[in-house]
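Data block for run-v4.cif (mmCIF, C-alpha atoms, pLDDT in the B column; chains and numbers go by the auth columns):
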data_my_file
loop_
_atom_site.group_PDB
_atom_site.id
_atom_site.type_symbol
_atom_site.label_atom_id
_atom_site.label_comp_id
_atom_site.label_asym_id
_atom_site.label_seq_id
_atom_site.Cartn_x
_atom_site.Cartn_y
_atom_site.Cartn_z
_atom_site.B_iso_or_equiv
_atom_site.auth_seq_id
_atom_site.auth_asym_id
ATOM 1 C CA MET A 1 -109.917 -107.688 0.582 76.00 18 E
ATOM 2 C CA ASP A 2 -112.294 -110.599 0.091 78.00 19 E
ATOM 3 C CA THR A 3 -109.333 -112.885 -0.565 77.00 20 E
ATOM 4 C CA VAL A 4 -107.648 -111.777 2.654 80.00 21 E
ATOM 5 C CA ILE A 5 -110.839 -112.314 4.649 83.00 22 E
ATOM 6 C CA LEU A 6 -111.297 -115.759 3.096 82.00 23 E
ATOM 7 C CA PHE A 7 -107.670 -116.658 3.787 81.00 24 E
ATOM 8 C CA VAL A 8 -107.906 -115.632 7.450 82.00 25 E
ATOM 9 C CA THR A 9 -111.253 -117.431 7.779 85.00 26 E
ATOM 10 C CA SER A 10 -109.763 -120.612 6.311 82.00 27 E
ATOM 11 C CA CYS A 11 -106.802 -120.409 8.709 79.00 28 E
ATOM 12 C CA LEU A 12 -109.067 -119.956 11.716 83.00 29 E
ATOM 13 C CA THR A 13 -111.456 -122.739 10.691 83.00 30 E
ATOM 14 C CA LYS A 14 -108.581 -124.965 9.515 79.00 31 E
ATOM 15 C CA SER A 15 -110.216 -125.559 6.162 79.00 32 E
ATOM 16 C CA THR A 16 -108.538 -125.609 2.769 76.00 33 E
ATOM 17 C CA LEU A 17 -109.269 -123.106 0.052 75.00 34 E
ATOM 18 C CA ASN A 18 -109.735 -123.973 -3.596 77.00 35 E
ATOM 19 C CA ILE A 19 -108.452 -121.098 -5.738 76.00 36 E
ATOM 20 C CA LEU A 20 -111.288 -121.505 -8.249 81.00 37 E
ATOM 21 C CA LYS A 21 -113.870 -121.297 -5.458 81.00 38 E
ATOM 22 C CA VAL A 22 -112.150 -118.181 -4.104 79.00 39 E
ATOM 23 C CA PHE A 23 -112.468 -116.526 -7.514 79.00 40 E
ATOM 24 C CA VAL A 24 -116.159 -117.527 -7.734 80.00 41 E
ATOM 25 C CA GLY A 25 -116.737 -116.117 -4.241 80.00 42 E
ATOM 26 C CA ALA A 26 -114.861 -112.923 -5.113 78.00 43 E
ATOM 27 C CA LEU A 27 -116.953 -112.593 -8.273 81.00 44 E
ATOM 28 C CA ILE A 28 -120.175 -112.963 -6.261 81.00 45 E
ATOM 29 C CA SER A 29 -118.946 -110.366 -3.783 81.00 46 E
ATOM 30 C CA ALA A 30 -117.819 -107.967 -6.536 80.00 47 E
ATOM 31 C CA ILE A 31 -121.151 -108.196 -8.349 83.00 48 E
ATOM 32 C CA TYR A 32 -123.044 -107.623 -5.122 81.00 49 E
ATOM 33 C CA GLY A 33 -120.781 -104.707 -4.212 78.00 50 E
ATOM 34 C CA SER A 34 -121.209 -103.045 -7.606 80.00 51 E
ATOM 35 C CA LEU A 35 -125.000 -103.139 -7.317 80.00 52 E
ATOM 36 C CA MET A 36 -124.810 -100.308 -4.778 73.00 53 E
ATOM 37 C CA PHE A 37 -124.333 -97.905 -7.677 76.00 54 E
ATOM 38 C CA PHE A 38 -127.866 -98.586 -8.894 80.00 55 E
ATOM 39 C CA PRO A 39 -130.270 -96.615 -6.695 76.00 56 E
ATOM 40 C CA ASP A 40 -133.273 -98.712 -7.737 83.00 57 E
ATOM 41 C CA LEU A 41 -131.611 -101.767 -6.165 79.00 58 E
ATOM 42 C CA SER A 42 -131.011 -100.165 -2.774 76.00 59 E
ATOM 43 C CA PHE A 43 -133.335 -102.739 -1.150 79.00 60 E
ATOM 44 C CA LEU A 44 -130.537 -105.285 -1.694 77.00 61 E
ATOM 45 C CA TYR A 45 -128.491 -103.586 1.014 75.00 62 E
ATOM 46 C CA GLY A 46 -130.874 -104.279 3.869 78.00 63 E
ATOM 47 C CA GLY A 47 -129.909 -106.660 6.646 81.00 64 E
ATOM 48 C CA PHE A 48 -131.796 -109.651 5.227 87.00 65 E
ATOM 49 C CA PHE A 49 -130.064 -109.536 1.850 84.00 66 E
ATOM 50 C CA LYS A 50 -126.643 -108.986 3.413 83.00 67 E
ATOM 51 C CA VAL A 51 -127.114 -112.116 5.518 85.00 68 E
ATOM 52 C CA MET A 52 -128.357 -114.120 2.529 87.00 69 E
ATOM 53 C CA VAL A 53 -125.642 -112.978 0.106 84.00 70 E
ATOM 54 C CA SER A 54 -122.883 -113.573 2.658 84.00 71 E
ATOM 55 C CA ALA A 55 -124.276 -117.058 3.366 87.00 72 E
ATOM 56 C CA PHE A 56 -124.278 -117.795 -0.366 85.00 73 E
ATOM 57 C CA PHE A 57 -120.752 -116.361 -0.591 83.00 74 E
ATOM 58 C CA VAL A 58 -119.436 -118.569 2.233 86.00 75 E
ATOM 59 C CA MET A 59 -121.250 -121.612 0.843 86.00 76 E
ATOM 60 C CA ALA A 60 -119.741 -121.033 -2.618 84.00 77 E
ATOM 61 C CA VAL A 61 -116.220 -120.853 -1.195 85.00 78 E
ATOM 62 C CA PHE A 62 -116.232 -123.328 1.711 85.00 79 E
ATOM 63 C CA GLY A 63 -119.051 -125.627 0.615 81.00 80 E
ATOM 64 C CA TYR A 64 -121.749 -127.145 2.754 82.00 81 E
ATOM 65 C CA LYS A 65 -120.524 -130.349 4.398 80.00 82 E
ATOM 66 C CA ASN A 66 -122.845 -130.151 7.367 84.00 83 E
ATOM 67 C CA LYS A 67 -124.695 -127.512 9.336 86.00 84 E
ATOM 68 C CA LYS A 68 -122.087 -127.209 12.095 86.00 85 E
ATOM 69 C CA ALA A 69 -119.150 -126.744 9.697 84.00 86 E
ATOM 70 C CA PHE A 70 -121.092 -124.204 7.642 87.00 87 E
ATOM 71 C CA LEU A 71 -122.124 -122.180 10.700 90.00 88 E
ATOM 72 C CA ARG A 72 -118.552 -122.193 11.993 90.00 89 E
ATOM 73 C CA SER A 73 -117.250 -120.920 8.632 88.00 90 E
ATOM 74 C CA TYR A 74 -120.084 -118.392 8.355 90.00 91 E
ATOM 75 C CA LEU A 75 -119.642 -116.933 11.844 92.00 92 E
ATOM 76 C CA THR A 76 -115.858 -116.842 11.492 91.00 93 E
ATOM 77 C CA PHE A 77 -116.256 -115.080 8.150 90.00 94 E
ATOM 78 C CA TRP A 78 -118.463 -112.405 9.744 90.00 95 E
ATOM 79 C CA ILE A 79 -116.137 -111.924 12.724 91.00 96 E
ATOM 80 C CA VAL A 80 -113.093 -111.545 10.446 90.00 97 E
ATOM 81 C CA THR A 81 -115.044 -109.188 8.164 87.00 98 E
ATOM 82 C CA LEU A 82 -116.117 -106.984 11.064 87.00 99 E
ATOM 83 C CA LEU A 83 -112.617 -106.926 12.537 89.00 100 E
ATOM 84 C CA ALA A 84 -111.027 -106.086 9.172 85.00 101 E
ATOM 85 C CA GLY A 85 -113.601 -103.362 8.530 81.00 102 E
ATOM 86 C CA GLY A 86 -113.033 -101.888 11.966 83.00 103 E
ATOM 87 C CA ILE A 87 -109.277 -101.909 11.517 82.00 104 E
ATOM 88 C CA VAL A 88 -109.449 -100.208 8.099 78.00 105 E
ATOM 89 C CA PHE A 89 -111.987 -97.699 9.415 77.00 106 E
ATOM 90 C CA GLY A 90 -109.865 -96.917 12.464 80.00 107 E
ATOM 91 C CA ILE A 91 -106.627 -96.563 10.513 78.00 108 E
ATOM 92 C CA SER A 92 -108.213 -94.322 7.910 74.00 109 E
ATOM 93 C CA ILE A 93 -109.935 -92.061 10.441 73.00 110 E
ATOM 94 C CA TRP A 94 -107.438 -91.754 13.296 79.00 111 E
ATOM 95 C CA THR A 95 -104.118 -91.725 11.462 78.00 112 E
ATOM 96 C CA ASP A 96 -102.437 -89.639 8.778 76.00 113 E
ATOM 97 C CA PHE A 97 -102.784 -92.629 6.439 72.00 114 E
ATOM 98 C CA GLY A 98 -106.409 -91.647 5.879 70.00 115 E
ATOM 99 C CA MET A 99 -105.390 -88.139 4.874 72.00 116 E
ATOM 100 C CA VAL A 100 -102.707 -89.436 2.516 72.00 117 E
ATOM 101 C CA LEU A 101 -105.287 -91.589 0.708 69.00 118 E
ATOM 102 C CA GLN A 102 -107.862 -88.772 0.826 73.00 119 E
ATOM 103 C CA THR A 103 -110.249 -91.051 2.704 73.00 120 E
ATOM 104 C CA VAL A 104 -113.906 -90.115 2.768 73.00 121 E
ATOM 105 C CA VAL A 105 -116.512 -91.791 4.968 68.00 122 E
ATOM 106 C CA SER A 106 -120.059 -91.693 3.649 66.00 123 E
ATOM 107 C CA ASN A 107 -122.931 -93.621 5.256 60.00 124 E
ATOM 108 C CA GLY A 108 -120.479 -95.800 7.154 59.00 125 E
ATOM 109 C CA ILE A 109 -118.551 -96.801 4.001 66.00 126 E
ATOM 110 C CA VAL A 110 -114.881 -95.890 3.706 66.00 127 E
ATOM 111 C CA TYR A 111 -113.823 -94.623 0.270 71.00 128 E
ATOM 112 C CA MET A 112 -110.101 -94.316 -0.489 73.00 129 E
ATOM 113 C CA ASN A 113 -108.403 -92.677 -3.451 75.00 130 E
ATOM 114 C CA ILE A 114 -106.042 -95.476 -4.499 76.00 131 E
ATOM 115 C CA ASN A 115 -104.286 -95.749 -7.856 79.00 132 E
ATOM 116 C CA PRO A 116 -105.735 -98.841 -9.643 79.00 133 E
ATOM 117 C CA PHE A 117 -102.288 -99.996 -10.810 86.00 134 E
ATOM 118 C CA LEU A 118 -100.952 -99.779 -7.267 82.00 135 E
ATOM 119 C CA LEU A 119 -104.016 -101.654 -5.995 76.00 136 E
ATOM 120 C CA ILE A 120 -103.499 -104.481 -8.520 81.00 137 E
ATOM 121 C CA CYS A 121 -99.781 -104.734 -7.717 84.00 138 E
ATOM 122 C CA ALA A 122 -100.424 -104.708 -3.961 82.00 139 E
ATOM 123 C CA SER A 123 -103.086 -107.397 -4.388 77.00 140 E
ATOM 124 C CA GLY A 124 -100.611 -109.569 -6.311 81.00 141 E
ATOM 125 C CA VAL A 125 -97.944 -109.141 -3.632 85.00 142 E
ATOM 126 C CA LEU A 126 -100.472 -109.871 -0.885 79.00 143 E
ATOM 127 C CA TYR A 127 -101.666 -113.008 -2.675 77.00 144 E
ATOM 128 C CA PHE A 128 -98.047 -114.164 -3.086 82.00 145 E
ATOM 129 C CA LEU A 129 -97.376 -113.620 0.631 81.00 146 E
ATOM 130 C CA MET A 130 -100.552 -115.483 1.649 76.00 147 E
ATOM 131 C CA GLU A 131 -99.671 -118.399 -0.633 75.00 148 E
ATOM 132 C CA LEU A 132 -96.127 -118.447 0.768 78.00 149 E
ATOM 133 C CA TYR A 133 -97.508 -118.495 4.313 74.00 150 E
ATOM 134 C CA ARG A 134 -99.920 -121.292 3.434 69.00 151 E
ATOM 135 C CA ARG A 135 -97.176 -123.421 1.915 70.00 152 E
ATOM 136 C CA MET A 136 -94.763 -122.826 4.784 69.00 153 E
ATOM 137 C CA CYS A 137 -97.040 -123.101 7.789 65.00 154 E
ATOM 138 C CA ILE A 138 -100.234 -124.933 6.962 55.00 155 E
ATOM 139 C CA ARG A 139 -99.404 -128.538 6.325 56.00 156 E
ATOM 140 C CA ASN A 140 -101.847 -131.325 5.668 52.00 157 E
ATOM 141 C CA PHE A 141 -100.326 -134.204 7.597 48.00 158 E
ATOM 142 C CA CYS A 142 -101.919 -137.586 7.500 50.00 159 E
ATOM 143 C CA LYS A 143 -102.054 -139.516 10.746 52.00 160 E
ATOM 144 C CA SER A 144 -99.346 -141.970 9.677 54.00 161 E
ATOM 145 C CA LYS A 145 -96.835 -139.127 9.175 57.00 162 E
ATOM 146 C CA LEU A 146 -97.418 -137.700 12.635 63.00 163 E
ATOM 147 C CA TYR A 147 -96.251 -140.804 14.508 70.00 164 E
ATOM 148 C CA LEU A 148 -92.749 -142.184 14.651 74.00 165 E
ATOM 149 C CA ASP A 149 -91.533 -145.487 16.060 80.00 166 E
ATOM 150 C CA PHE A 150 -88.305 -145.275 18.056 81.00 167 E
ATOM 151 C CA SER A 151 -86.402 -147.340 20.538 86.00 168 E
ATOM 152 C CA VAL A 152 -84.617 -146.479 23.763 87.00 169 E
ATOM 153 C CA THR A 153 -81.993 -148.666 25.373 88.00 170 E
ATOM 154 C CA TYR A 154 -81.918 -148.396 29.138 86.00 171 E
ATOM 155 C CA MET A 155 -79.789 -150.608 31.365 87.00 172 E
ATOM 156 C CA GLU A 156 -79.088 -152.962 28.474 86.00 173 E
ATOM 157 C CA LYS A 157 -82.785 -153.450 27.727 89.00 174 E
ATOM 158 C CA GLU A 158 -84.410 -152.052 24.597 89.00 175 E
ATOM 159 C CA TYR A 159 -87.835 -150.391 24.787 89.00 176 E
ATOM 160 C CA ILE A 160 -89.834 -149.588 21.662 88.00 177 E
ATOM 161 C CA PHE A 161 -92.122 -146.556 21.655 84.00 178 E
ATOM 162 C CA ARG A 162 -94.431 -144.772 19.276 80.00 179 E
ATOM 163 C CA GLY A 163 -94.211 -140.993 19.584 76.00 180 E
ATOM 164 C CA LEU A 164 -96.015 -138.004 18.183 68.00 181 E
ATOM 165 C CA ILE A 165 -93.849 -135.737 16.045 67.00 182 E
ATOM 166 C CA ASP A 166 -93.721 -132.125 17.212 64.00 183 E
ATOM 167 C CA THR A 167 -94.724 -130.143 14.113 56.00 184 E
ATOM 168 C CA GLY A 168 -94.144 -126.732 15.609 58.00 185 E
ATOM 169 C CA CYS A 169 -97.643 -125.362 16.049 52.00 186 E
ATOM 170 C CA GLU A 170 -99.754 -128.164 14.712 47.00 187 E
ATOM 171 C CA LEU A 171 -100.500 -129.976 17.981 44.00 188 E
#
Do you think you could lay out the structure here as structure tokens?
Amino acid sequence: MDTVILFVTSCLTKSTLNILKVFVGALISAIYGSLMFFPDLSFLYGGFFKVMVSAFFVMAVFGYKNKKAFLRSYLTFWIVTLLAGGIVFGISIWTDFGMVLQTVVSNGIVYMNINPFLLICASGVLYFLMELYRRMCIRNFCKSKLYLDFSVTYMEKEYIFRGLIDTGCEL
């Protein structure tokens, strides 16, 4: 889920993701998430630590170029996280899908009974689809590739223009 959230965040902020940084960020998130099973460390799940760990998480993945870029990535990350959490919560509570997965909600956390093999396979398929989307739709054009020189002949006089290429949804 972290990979999906990072992918959506990178699409919305129009930043590129480095796969190694995504794995580092996912490792940070997984370690932090597994600490909830140690009751003596419950203080780590207060609001202050959640804000700090998520800031460290976003900084590890997207870097810190300047304050404005970091805040944009950080806020977008939180918005996408809250939306994704709300969607999963809603689907698991108000549909039969929650009953199929034997979903349990405890202290605001949704627990689902998912086969680990199925989870790994679904994650691989999801990663493949996200990478396919990235390669098909998100192009890194340089400025020189976006402009094209062309000429138009009108009433036996030639006019030369420079036009912007329509890239589909990139304008």
Length of the CA of Tyr91 in chain E to CA of Ser71 in chain E vector [Å]: 8.0 Å
For the structure provided, state which residues fall under the PyMOL selection byres ((chain E and resi 44-51) around 9), and present them as a ChimeraX atom specification. /E:19,39-43,52-55,61,70-71,73-74,77
Apply the PyMOL selection byres ((chain E and resi 165) around 6) to the file shown and report the selected residues as a PDB file with C-alpha atoms, in the coordinates of the input.
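Output saved as part05.pdb:
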ATOM      1  CA  TYR E 164     -96.251-140.804  14.508  1.00 70.00           C
ATOM      2  CA  ASP E 166     -91.533-145.487  16.060  1.00 80.00           C
ATOM      3  CA  ARG E 179     -94.431-144.772  19.276  1.00 80.00           C
ATOM      4  CA  GLY E 180     -94.211-140.993  19.584  1.00 76.00           C
TER       5      GLY E 180
END
CA of Val117 in chain E to CA of Val105 in chain E, distance in Å rounded to a single decimal: 13.9 Å
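Using only C-alpha atoms, every residue with an atom at most 12 Å from the point (-102.0, -119.7, -1.4) is listed here: Thr20, Val21, Leu23, Phe24, Val25, Ser27, Cys28, Thr33, Leu34, Asn35, Ile36, Leu37, Val39, Gly141, Val142, Leu143, Tyr144, Phe145, Leu146, Met147, Glu148, Leu149, Tyr150, Arg151, Arg152, Met153, Cys154 and Ile155 of chain E.
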Rounded to one decimal, what separation in Å do you get between CA of Phe79 in chain E and CA of Gly64 in chain E?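 Pair CA of Phe79 in chain E / CA of Gly64 in chain E returns 22.1 Å.
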Pick the closest to Leu29 in chain E from E:Pro56, E:Tyr171, E:Trp111, E:Val97: which is it, counting all atoms listed in the file? E:Val97
Can I get a file of range 59-96 of chain E from the given structure, C-alpha atoms kept, as a JSON list (two decimals), in the first residue's frame?
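part.json was written with the following content:
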[["chain", "number", "residue", "atom", "x", "y", "z"],
["E", 59, "SER", "CA", 2.94, 2.53, 22.31],
["E", 60, "PHE", "CA", 4.12, 6.13, 22.83],
["E", 61, "LEU", "CA", 5.45, 5.98, 19.25],
["E", 62, "TYR", "CA", 1.89, 6.03, 17.95],
["E", 63, "GLY", "CA", 0.97, 9.45, 19.27],
["E", 64, "GLY", "CA", 0.35, 12.33, 16.89],
["E", 65, "PHE", "CA", 3.82, 13.85, 17.25],
["E", 66, "PHE", "CA", 5.66, 10.67, 16.28],
["E", 67, "LYS", "CA", 3.29, 9.97, 13.39],
["E", 68, "VAL", "CA", 4.02, 13.43, 11.97],
["E", 69, "MET", "CA", 7.77, 13.01, 12.47],
["E", 70, "VAL", "CA", 7.99, 9.49, 11.03],
["E", 71, "SER", "CA", 5.87, 10.42, 8.01],
["E", 72, "ALA", "CA", 8.05, 13.49, 7.41],
["E", 73, "PHE", "CA", 11.15, 11.30, 7.56],
["E", 74, "PHE", "CA", 9.43, 8.80, 5.26],
["E", 75, "VAL", "CA", 8.57, 11.46, 2.66],
["E", 76, "MET", "CA", 12.04, 13.00, 2.92],
["E", 77, "ALA", "CA", 13.68, 9.59, 2.38],
["E", 78, "VAL", "CA", 11.63, 8.96, -0.76],
["E", 79, "PHE", "CA", 11.24, 12.41, -2.36],
["E", 80, "GLY", "CA", 14.27, 14.17, -0.90],
["E", 81, "TYR", "CA", 14.49, 17.69, 0.38],
["E", 82, "LYS", "CA", 15.14, 20.13, -2.46],
["E", 83, "ASN", "CA", 13.54, 23.10, -0.77],
["E", 84, "LYS", "CA", 10.90, 23.79, 1.84],
["E", 85, "LYS", "CA", 8.08, 24.41, -0.64],
["E", 86, "ALA", "CA", 8.67, 21.20, -2.61],
["E", 87, "PHE", "CA", 8.95, 19.16, 0.58],
["E", 88, "LEU", "CA", 5.73, 20.60, 2.04],
["E", 89, "ARG", "CA", 3.89, 19.96, -1.22],
["E", 90, "SER", "CA", 5.06, 16.32, -1.26],
["E", 91, "TYR", "CA", 4.33, 15.92, 2.46],
["E", 92, "LEU", "CA", 0.80, 17.35, 2.31],
["E", 93, "THR", "CA", -0.01, 15.41, -0.85],
["E", 94, "PHE", "CA", 1.27, 12.24, 0.81],
["E", 95, "TRP", "CA", -1.04, 12.80, 3.80],
["E", 96, "ILE", "CA", -4.06, 13.60, 1.62]]
